[in-house]
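Participant: Let me give you the structure first, and then I'll get to my questions.
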Amino acid sequence: MSEHTVRTRYAPSPTGAPHVGNIRTALFSWLLARSQGGAFIVRIEDTDRARFVPGSVEAILESLRWLGLDWDEGPEVGGPYGPYVQSERLPYYHEVTSRLLAEGVAYRCFCSPERLEQLRAEQQRRKVPPGYDGRCRALSREEAERRAEEEPHVVRFRMPDEGVTILRDAIRGEVVFENALQDDFVILKSDGFPTYHLAAIADDIAMRITHVVRGEEWLSSAPKHIRLYEALGAPQPVWAHLPVILGTDRKKLSKRSGDTSVLEYRDKGYLPEAMINFLALLGWSLDDKTTIIDRNTLIRHFSLERVGANPAIFDLERLNYLNGHYIRALPPGRWEELVAEWCDRDLPPDVPRPVDRGLVSKVAPLLQERVTVLSDIPELLAFLFQREPLEYDAELLVARVAGDRDLAARVLEEALRALGAIPAAEWRRELVEPAIRGLEGRLGLKLRKFVSVLYVAVMGRPQGIPLFDSIEILGRERTLRRLQDALERLGALRAAPAPQSPTAGE
């Protein structure tokens with residue numbers, strides 16, 4: 001591989017399943033590598049053992065697999081710069097730390113946690129920026145080495161205290177940091193594990209990462225990382241700090257506004273194609289008008305120059321729109337497979353599995369234009385598979401006809417009469433539709449004024465997939481039985497005593 005090859009990385013910490021912002025970073029890194037014919041590396045940064053969550057690594061890799069973000073090096077595939085799990089690289093970090101100590105750009109710090117806590121409290125009281133005061137900076141190397149044999153300690157990096165550090169960012173341009181506002185940060189903890197700052201930079205150098213794409217929250221760490229690159233004698237990568245993601249209320253994204261695990265979106269019934277398209281638009285754009293962008297188009301056109309610095313807005317309505325588009329674009333065979341899969345998965349437990357594939361084949365085309373997320377499928381189709389009688393609140397029969405129970409009863413009676421006149425051998429949509437539309441004349445109402453009564457009777461819900469097709473698929477016997485059952489429920493509803501109005505004073 002050429003030394004000029006673009007090499008990007010996605011380096012998550014295994015502290016839980018990856019959320020939207022985290023995976024957006026993975027996508028942009030992947031797109032950059034793929035657009036340049038480069039390599040995409042996955043590295044697990046698990047040095048913070050206190051925050052490690054079992055199962056997180058599996059969730060991270062599963063999220064990437066679901067979205068089709070394949071990696072060239074990393075867990076499960078290996079590579080020339082492994083291992084790709086930081087807890088397996090401790091000797092390397094100790095070697096780097098020893099080098100920094102020997103060159104005088106790092107030093108051992110023996111300050112106790114209690115002293116550091118007192119220091120922070122005093123800084124808060126004085127309302128000055130928090131940070132280490134450099135107390136151990138002046139220790140001679142000989143004294144530090146002697147004390148290190150007996151005393152617990154950390155290793156700190158010696159930041160310059162004058163001048164400025166300049167970040168040249170591919171998205172934000174030049175960002176200047178005052179060195180006087182930086183403190184000497186820890187690079188090796190007392191337990192022998194490196195901090196994020198040391199491990200990430202040392203690994204990026206060792207793995208020859210050329211472009212570091214990460215979230216805006218890491219911008220404040222840039223001076224530390226730039227100085228580490230300089231101390232280790234390595235050329236800096238291209239830095240790219242992605243814009244923050246906000247909710248539609250312009251506030252920080254929360255779980256309520258969409259910041260949930262990417263796998264939760266999968267389990268709710270979003271397609272990976274829609275999620276890729278949606279995530280790409282959180283900060284990047286092809287132009288000022290194109291919304292539907294497939295994976296190949298993204299790869300062809302992706303560049304950091306098209307990433308904006310302004311906050312990106314997480315709009316669930318846009319995601320739903322995109323998901324609906326990609327559902328409608330699915331080929332019939334794939335769509336039918338998904339319908340069957342979601343019915344098998346989420347229909348009530350009393351429905352035999354696998355569900356009737358013949359029934360699925362008939363009903364799948366009716367769904368494709370009406371489903372926004374795949375989790376809608378079982379609810380819309382449950383009426384076809386459920387045993388009799390359906391379970392629903394009888395009040396639904398009158399709710400959409402302004403509570404007019406007499407009208408609801410007439411609708412059911414006329415429907416029974418009209419549909420009952422169709423012989424079983426001729427039960428098909430071409431006869432069902434005119435039979436129901438003919439009720440308009442007998443009832444003196446437009447179909448839309450009373451059709452919800454029939455939806456409830458047939459499906460158990462006031463809306464659903466097309467009624468005429470549904471009745472054909474359901475069959476004559478089951479349809480008439482459900483209409484009769486609804487009429488009986490309505491009769492029981494009419495016979496029930498009306499609730500008494502409270503008397504004055506109650």
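Letters A, B, ... mark the chains of the structure tokens in the order given; residue numbers begin at 1 per chain; ligand numbers begin at 1, in order shown.
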Report as JSON lines: every residue of stretch 63-97 of chain A with an atom at most 9 Å from stretch 268-290 of chain A, its closest pair of atoms, and their distance in Å to one decimal, counting only C-alpha atoms, with rows sorted by chain and ascending residue number.

Facilitator:
{"residue": "A:Trp66", "atom": "CA", "partner": "A:Pro272", "partner_atom": "CA", "distance": 6.6}
{"residue": "A:Leu67", "atom": "CA", "partner": "A:Pro272", "partner_atom": "CA", "distance": 5.1}
{"residue": "A:Gly68", "atom": "CA", "partner": "A:Pro272", "partner_atom": "CA", "distance": 7.8}

Participant: Taking N, CA and C atoms for each residue, export the selection above as a short mmCIF file (atom, residue, chain, number, x, y, z; two decimals), in the first residue's frame.

Facilitator:
data_model
loop_
_atom_site.label_atom_id
_atom_site.label_comp_id
_atom_site.auth_asym_id
_atom_site.auth_seq_id
_atom_site.Cartn_x
_atom_site.Cartn_y
_atom_site.Cartn_z
N TRP A 66 -24.50 -4.12 10.02
CA TRP A 66 -25.87 -3.83 9.57
C TRP A 66 -25.87 -2.71 8.53
N LEU A 67 -25.04 -1.71 8.73
CA LEU A 67 -24.99 -0.58 7.81
C LEU A 67 -24.12 -0.86 6.58
N GLY A 68 -23.43 -1.98 6.57
CA GLY A 68 -22.58 -2.30 5.43
C GLY A 68 -21.28 -1.53 5.42
#

Participant: Leaving out A:Leu407 and any residue of its chain fewer than 3 positions from it, which residues lie within 9 Å of it when counting only C-alpha atoms, given as a compact mmCIF listing (two decimals) with C-alpha atoms, in the first residue's frame?

Facilitator:
# COMPACT_ATOMS: atom_id res chain seq x y z
CA VAL A 398 -69.05 4.40 16.57
CA VAL A 401 -69.35 8.25 12.90
CA GLY A 403 -71.02 8.32 18.13
CA ASP A 404 -74.09 7.50 16.03
CA ARG A 410 -77.16 0.27 9.57
CA VAL A 411 -73.71 0.24 7.94
CA LEU A 412 -73.04 -3.25 9.28
CA LEU A 443 -77.23 5.07 3.45
CA PHE A 450 -68.88 5.43 7.14

Participant: I'd like the interatomic distance between atom CA of A:Ser56 and atom CA of A:Ala17, to a tenth of an Å.

Facilitator: 5.5 Å

Participant: Would you list the contacts of stretch 374-378 of chain A as a ChimeraX atom specification, taking every protein, DNA or RNA residue within 12 Å and counting only C-alpha atoms, but skipping same-chain residues closer than 3 positions in sequence?

Facilitator: /A:264-272,320,323-324,326-328,335-349,351,355,360,363-371,381-386,464-465

Participant: Keeping C-alpha atoms, export the residues of the selection given above as a PDB file, in the first residue's frame.

Facilitator:
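What follows is the written file selection_21.pdb:
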ATOM      1  CA  GLU A 264     -32.589   0.301  18.086  1.00  0.00           C
ATOM      2  CA  TYR A 265     -33.372   1.931  14.750  1.00  0.00           C
ATOM      3  CA  ARG A 266     -32.758  -1.415  13.078  1.00  0.00           C
ATOM      4  CA  ASP A 267     -35.106  -3.101  15.547  1.00  0.00           C
ATOM      5  CA  LYS A 268     -37.779  -0.451  14.966  1.00  0.00           C
ATOM      6  CA  GLY A 269     -37.768  -1.283  11.274  1.00  0.00           C
ATOM      7  CA  TYR A 270     -35.509   1.230   9.559  1.00  0.00           C
ATOM      8  CA  LEU A 271     -33.574   0.060   6.511  1.00  0.00           C
ATOM      9  CA  PRO A 272     -29.779   0.407   6.452  1.00  0.00           C
ATOM     10  CA  ASN A 320     -39.126   8.483   8.158  1.00  0.00           C
ATOM     11  CA  ASN A 323     -37.182   5.066   5.044  1.00  0.00           C
ATOM     12  CA  GLY A 324     -40.519   5.146   3.239  1.00  0.00           C
ATOM     13  CA  TYR A 326     -36.321   3.049   0.307  1.00  0.00           C
ATOM     14  CA  ILE A 327     -39.127   0.673   1.276  1.00  0.00           C
ATOM     15  CA  ARG A 328     -41.046   1.604  -1.875  1.00  0.00           C
ATOM     16  CA  TRP A 335     -40.186  -6.815   0.074  1.00  0.00           C
ATOM     17  CA  GLU A 336     -42.178 -10.024   0.419  1.00  0.00           C
ATOM     18  CA  GLU A 337     -39.295 -11.585   2.390  1.00  0.00           C
ATOM     19  CA  LEU A 338     -39.286  -8.634   4.792  1.00  0.00           C
ATOM     20  CA  VAL A 339     -43.065  -8.784   5.266  1.00  0.00           C
ATOM     21  CA  ALA A 340     -42.847 -12.482   6.135  1.00  0.00           C
ATOM     22  CA  GLU A 341     -39.853 -11.897   8.411  1.00  0.00           C
ATOM     23  CA  TRP A 342     -41.577  -9.170  10.411  1.00  0.00           C
ATOM     24  CA  CYS A 343     -44.831 -11.145  10.649  1.00  0.00           C
ATOM     25  CA  ASP A 344     -42.944 -14.171  11.971  1.00  0.00           C
ATOM     26  CA  ARG A 345     -41.137 -11.926  14.402  1.00  0.00           C
ATOM     27  CA  ASP A 346     -43.877  -9.714  15.839  1.00  0.00           C
ATOM     28  CA  LEU A 347     -47.345 -11.155  15.251  1.00  0.00           C
ATOM     29  CA  PRO A 348     -49.157 -12.325  18.426  1.00  0.00           C
ATOM     30  CA  PRO A 349     -47.759 -15.581  19.838  1.00  0.00           C
ATOM     31  CA  VAL A 351     -50.424 -17.080  15.340  1.00  0.00           C
ATOM     32  CA  VAL A 355     -46.997 -17.453   8.757  1.00  0.00           C
ATOM     33  CA  VAL A 360     -48.082 -12.884   2.575  1.00  0.00           C
ATOM     34  CA  VAL A 363     -50.987  -8.855   0.870  1.00  0.00           C
ATOM     35  CA  ALA A 364     -47.378  -7.648   0.499  1.00  0.00           C
ATOM     36  CA  PRO A 365     -48.082  -5.436  -2.568  1.00  0.00           C
ATOM     37  CA  LEU A 366     -50.848  -3.660  -0.638  1.00  0.00           C
ATOM     38  CA  LEU A 367     -48.388  -2.639   2.085  1.00  0.00           C
ATOM     39  CA  GLN A 368     -45.421  -1.292   0.206  1.00  0.00           C
ATOM     40  CA  GLU A 369     -46.870   2.156  -0.474  1.00  0.00           C
ATOM     41  CA  ARG A 370     -48.232   2.505   3.050  1.00  0.00           C
ATOM     42  CA  VAL A 371     -45.451   1.434   5.402  1.00  0.00           C
ATOM     43  CA  LEU A 381     -51.594  -7.424   8.943  1.00  0.00           C
ATOM     44  CA  ALA A 382     -52.532  -8.961  12.280  1.00  0.00           C
ATOM     45  CA  PHE A 383     -56.218  -9.118  11.283  1.00  0.00           C
ATOM     46  CA  LEU A 384     -55.443 -11.622   8.535  1.00  0.00           C
ATOM     47  CA  PHE A 385     -53.771 -14.097  10.859  1.00  0.00           C
ATOM     48  CA  GLN A 386     -55.654 -13.680  14.131  1.00  0.00           C
ATOM     49  CA  GLY A 464     -55.368   0.060   7.471  1.00  0.00           C
ATOM     50  CA  ILE A 465     -54.485  -1.386   4.106  1.00  0.00           C
TER      51      ILE A 465
END

Participant: May I have all residues of stretch 102-314 of chain A that DSSP, computed from the backbone, assigns to strand (DSSP E or B), given as a ChimeraX atom specification?

Facilitator: /A:106-109,154-157,164-169,173-178,186-188,194,211-215,238-242,245-247,252,261,284,307,312-314

Participant: Go ahead and write the residues just picked, N, CA and C atoms, as a compact mmCIF listing (two decimals), in the first residue's frame.

Facilitator:
# COMPACT_ATOMS: atom_id res chain seq x y z
N ALA A 106 7.79 14.46 29.13
CA ALA A 106 6.84 13.89 30.07
C ALA A 106 7.54 13.74 31.41
N TYR A 107 6.77 13.68 32.48
CA TYR A 107 7.36 13.54 33.82
C TYR A 107 6.40 12.78 34.72
N ARG A 108 6.97 12.22 35.79
CA ARG A 108 6.18 11.47 36.74
C ARG A 108 5.57 12.43 37.76
N CYS A 109 4.31 12.18 38.08
CA CYS A 109 3.58 13.04 39.03
C CYS A 109 3.09 12.19 40.19
N VAL A 154 1.40 8.88 38.36
CA VAL A 154 0.98 8.91 36.96
C VAL A 154 2.10 9.56 36.16
N VAL A 155 1.95 9.51 34.84
CA VAL A 155 2.89 10.23 33.98
C VAL A 155 2.11 11.32 33.25
N ARG A 156 2.67 12.53 33.31
CA ARG A 156 2.03 13.68 32.65
C ARG A 156 2.87 14.16 31.47
N PHE A 157 2.17 14.74 30.51
CA PHE A 157 2.84 15.34 29.35
C PHE A 157 3.06 16.82 29.65
N VAL A 164 1.13 29.83 21.30
CA VAL A 164 -0.14 29.26 20.88
C VAL A 164 0.11 27.92 20.17
N THR A 165 -0.93 27.12 20.12
CA THR A 165 -0.94 25.90 19.32
C THR A 165 -2.01 26.09 18.25
N ILE A 166 -1.67 25.81 17.02
CA ILE A 166 -2.59 26.07 15.90
C ILE A 166 -3.07 24.74 15.31
N LEU A 167 -4.39 24.60 15.25
CA LEU A 167 -5.02 23.47 14.58
C LEU A 167 -5.46 23.91 13.20
N ARG A 168 -5.06 23.16 12.20
CA ARG A 168 -5.54 23.42 10.84
C ARG A 168 -6.51 22.31 10.49
N ASP A 169 -7.78 22.67 10.51
CA ASP A 169 -8.86 21.70 10.41
C ASP A 169 -9.49 21.76 9.02
N GLY A 173 -11.14 25.27 9.31
CA GLY A 173 -10.04 26.17 9.01
C GLY A 173 -9.05 26.22 10.16
N GLU A 174 -8.47 27.37 10.39
CA GLU A 174 -7.44 27.53 11.42
C GLU A 174 -8.08 27.86 12.77
N VAL A 175 -7.72 27.09 13.80
CA VAL A 175 -8.21 27.33 15.15
C VAL A 175 -7.00 27.52 16.05
N VAL A 176 -6.97 28.62 16.80
CA VAL A 176 -5.82 28.97 17.62
C VAL A 176 -6.13 28.74 19.09
N PHE A 177 -5.21 28.05 19.80
CA PHE A 177 -5.36 27.78 21.22
C PHE A 177 -4.22 28.43 21.99
N GLU A 178 -4.55 29.13 23.07
CA GLU A 178 -3.53 29.73 23.94
C GLU A 178 -2.91 28.65 24.80
N VAL A 186 -2.47 13.90 31.95
CA VAL A 186 -2.00 12.55 32.24
C VAL A 186 -1.98 11.73 30.96
N ILE A 187 -0.87 11.01 30.73
CA ILE A 187 -0.81 10.11 29.58
C ILE A 187 -0.75 8.64 30.02
N LEU A 188 -0.29 8.39 31.23
CA LEU A 188 -0.26 7.02 31.74
C LEU A 188 -0.77 7.04 33.17
N PRO A 194 -2.84 3.48 29.61
CA PRO A 194 -2.71 4.82 29.06
C PRO A 194 -4.06 5.55 29.10
N HIS A 211 -6.00 10.59 8.12
CA HIS A 211 -7.10 11.53 8.34
C HIS A 211 -7.84 11.12 9.61
N VAL A 212 -7.92 12.06 10.56
CA VAL A 212 -8.65 11.81 11.80
C VAL A 212 -9.98 12.56 11.73
N VAL A 213 -11.05 11.80 11.55
CA VAL A 213 -12.41 12.36 11.50
C VAL A 213 -13.07 12.06 12.84
N ARG A 214 -13.50 13.09 13.54
CA ARG A 214 -14.09 12.89 14.86
C ARG A 214 -15.06 14.01 15.18
N GLY A 215 -15.79 13.86 16.29
CA GLY A 215 -16.81 14.83 16.65
C GLY A 215 -16.24 16.13 17.19
N VAL A 238 -4.55 14.82 8.64
CA VAL A 238 -5.57 15.82 8.32
C VAL A 238 -6.63 15.72 9.41
N TRP A 239 -6.88 16.82 10.10
CA TRP A 239 -7.89 16.83 11.16
C TRP A 239 -9.23 17.27 10.59
N ALA A 240 -10.30 16.65 11.04
CA ALA A 240 -11.65 17.03 10.60
C ALA A 240 -12.60 16.82 11.77
N HIS A 241 -13.05 17.92 12.36
CA HIS A 241 -13.97 17.85 13.49
C HIS A 241 -15.39 18.09 13.01
N LEU A 242 -16.20 17.05 13.07
CA LEU A 242 -17.56 17.10 12.53
C LEU A 242 -18.47 17.98 13.38
N ILE A 245 -24.51 17.48 16.55
CA ILE A 245 -25.87 17.14 16.10
C ILE A 245 -26.86 17.64 17.15
N LEU A 246 -27.84 18.42 16.69
CA LEU A 246 -28.88 18.95 17.58
C LEU A 246 -30.23 18.38 17.19
N GLY A 247 -31.17 18.43 18.14
CA GLY A 247 -32.54 18.06 17.84
C GLY A 247 -33.24 19.18 17.09
N LYS A 252 -29.16 20.13 22.48
CA LYS A 252 -28.32 18.95 22.37
C LYS A 252 -29.17 17.71 22.19
N SER A 261 -29.40 4.11 20.35
CA SER A 261 -28.55 3.13 19.70
C SER A 261 -28.97 2.93 18.26
N TRP A 284 -23.14 16.85 5.98
CA TRP A 284 -22.60 16.82 4.62
C TRP A 284 -23.76 17.02 3.65
N VAL A 307 -18.42 19.12 3.99
CA VAL A 307 -18.92 19.03 5.36
C VAL A 307 -18.95 20.42 5.96
N ALA A 312 -25.65 20.18 12.84
CA ALA A 312 -26.56 19.38 12.01
C ALA A 312 -27.82 19.09 12.81
N ILE A 313 -28.96 19.06 12.14
CA ILE A 313 -30.25 18.87 12.82
C ILE A 313 -30.77 17.45 12.57
N PHE A 314 -31.01 16.75 13.67
CA PHE A 314 -31.58 15.40 13.59
C PHE A 314 -33.09 15.54 13.48

Participant: Mind the document's chain letters and residue numbers, and return as a PyMOL selection string the residues of stretch 301-367 of chain A that DSSP labels alpha helix (DSSP H).

Facilitator: chain A and resi 301+316-328+332-346+357-367

Participant: With C-alpha atoms retained, could you export that selection as a compact mmCIF listing (two decimals), in the first residue's frame?

Facilitator:
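After the write, selection_22.txt holds the following:
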# COMPACT_ATOMS: atom_id res chain seq x y z
CA HIS A 301 -19.00 12.50 -4.27
CA LEU A 316 -36.97 12.17 12.58
CA GLU A 317 -39.51 13.19 9.94
CA ARG A 318 -36.73 13.26 7.35
CA LEU A 319 -35.57 9.80 8.45
CA ASN A 320 -39.13 8.48 8.16
CA TYR A 321 -39.47 10.02 4.71
CA LEU A 322 -36.22 8.42 3.58
CA ASN A 323 -37.18 5.07 5.04
CA GLY A 324 -40.52 5.15 3.24
CA HIS A 325 -38.73 5.96 -0.01
CA TYR A 326 -36.32 3.05 0.31
CA ILE A 327 -39.13 0.67 1.28
CA ARG A 328 -41.05 1.60 -1.87
CA PRO A 332 -41.07 -7.26 -4.88
CA GLY A 333 -39.24 -10.42 -3.86
CA ARG A 334 -37.14 -8.70 -1.21
CA TRP A 335 -40.19 -6.81 0.07
CA GLU A 336 -42.18 -10.02 0.42
CA GLU A 337 -39.30 -11.59 2.39
CA LEU A 338 -39.29 -8.63 4.79
CA VAL A 339 -43.06 -8.78 5.27
CA ALA A 340 -42.85 -12.48 6.13
CA GLU A 341 -39.85 -11.90 8.41
CA TRP A 342 -41.58 -9.17 10.41
CA CYS A 343 -44.83 -11.14 10.65
CA ASP A 344 -42.94 -14.17 11.97
CA ARG A 345 -41.14 -11.93 14.40
CA ASP A 346 -43.88 -9.71 15.84
CA ARG A 357 -46.59 -17.44 2.78
CA GLY A 358 -49.44 -17.55 0.29
CA LEU A 359 -51.25 -14.95 2.34
CA VAL A 360 -48.08 -12.88 2.57
CA SER A 361 -47.67 -12.95 -1.22
CA LYS A 362 -51.20 -11.62 -1.69
CA VAL A 363 -50.99 -8.85 0.87
CA ALA A 364 -47.38 -7.65 0.50
CA PRO A 365 -48.08 -5.44 -2.57
CA LEU A 366 -50.85 -3.66 -0.64
CA LEU A 367 -48.39 -2.64 2.08

Participant: Quick one: everything within 6 Å of stretch 427-440 of chain A, counting only C-alpha atoms, minus sequence neighbours fewer than 3 positions away in the same chain. Send it as an mmCIF file with N, CA and C atoms, in the first residue's frame.

Facilitator:
data_model
loop_
_atom_site.group_PDB
_atom_site.id
_atom_site.type_symbol
_atom_site.label_atom_id
_atom_site.label_comp_id
_atom_site.auth_asym_id
_atom_site.auth_seq_id
_atom_site.Cartn_x
_atom_site.Cartn_y
_atom_site.Cartn_z
ATOM 1 N N ALA A 418 -75.232 -6.859 1.447
ATOM 2 C CA ALA A 418 -74.612 -6.695 0.125
ATOM 3 C C ALA A 418 -73.526 -7.746 -0.122
ATOM 4 N N ALA A 424 -69.680 -17.592 -2.817
ATOM 5 C CA ALA A 424 -68.304 -17.890 -2.412
ATOM 6 C C ALA A 424 -67.404 -18.078 -3.620
ATOM 7 N N LEU A 443 -77.424 4.327 2.205
ATOM 8 C CA LEU A 443 -77.232 5.073 3.454
ATOM 9 C C LEU A 443 -77.343 6.583 3.254
ATOM 10 N N GLY A 444 -77.275 7.008 1.998
ATOM 11 C CA GLY A 444 -77.314 8.446 1.730
ATOM 12 C C GLY A 444 -76.065 9.163 2.206
ATOM 13 N N LEU A 445 -74.924 8.452 2.192
ATOM 14 C CA LEU A 445 -73.667 9.026 2.665
ATOM 15 C C LEU A 445 -72.535 8.652 1.719
ATOM 16 N N LYS A 446 -71.513 9.516 1.660
ATOM 17 C CA LYS A 446 -70.307 9.180 0.930
ATOM 18 C C LYS A 446 -69.549 8.089 1.695
ATOM 19 N N LEU A 447 -68.797 7.291 0.957
ATOM 20 C CA LEU A 447 -68.080 6.167 1.556
ATOM 21 C C LEU A 447 -67.186 6.599 2.710
ATOM 22 N N PHE A 468 -61.105 -3.081 0.195
ATOM 23 C CA PHE A 468 -61.669 -4.032 -0.773
ATOM 24 C C PHE A 468 -60.738 -5.227 -0.982
ATOM 25 N N ASP A 469 -59.425 -4.941 -1.127
ATOM 26 C CA ASP A 469 -58.459 -6.030 -1.298
ATOM 27 C C ASP A 469 -58.395 -6.884 -0.036
ATOM 28 N N GLU A 472 -61.259 -9.275 0.143
ATOM 29 C CA GLU A 472 -61.073 -10.387 -0.786
ATOM 30 C C GLU A 472 -60.114 -11.420 -0.203
#

Participant: So the first atom is atom CA of A:Thr47 and the second is atom CA of A:Gln123; what is the distance between them in Å, to one decimal place?

Facilitator: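 Here the two named atoms are 28.7 Å from each other.
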
Participant: Could you check which of A:Asp48, A:Ala222, A:Leu116, A:Gly21 is closest to A:Asp191, using only C-alpha atoms?

Facilitator: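 Counting only C-alpha atoms, the residue closest to A:Asp191 is A:Asp48.
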
Participant: Near A:Gln463, within 9 Å and counting only C-alpha atoms, which residues show up once chain neighbours fewer than 5 positions away are dropped, as a PyMOL selection string?

Facilitator: chain A and resi 380+452+455-456
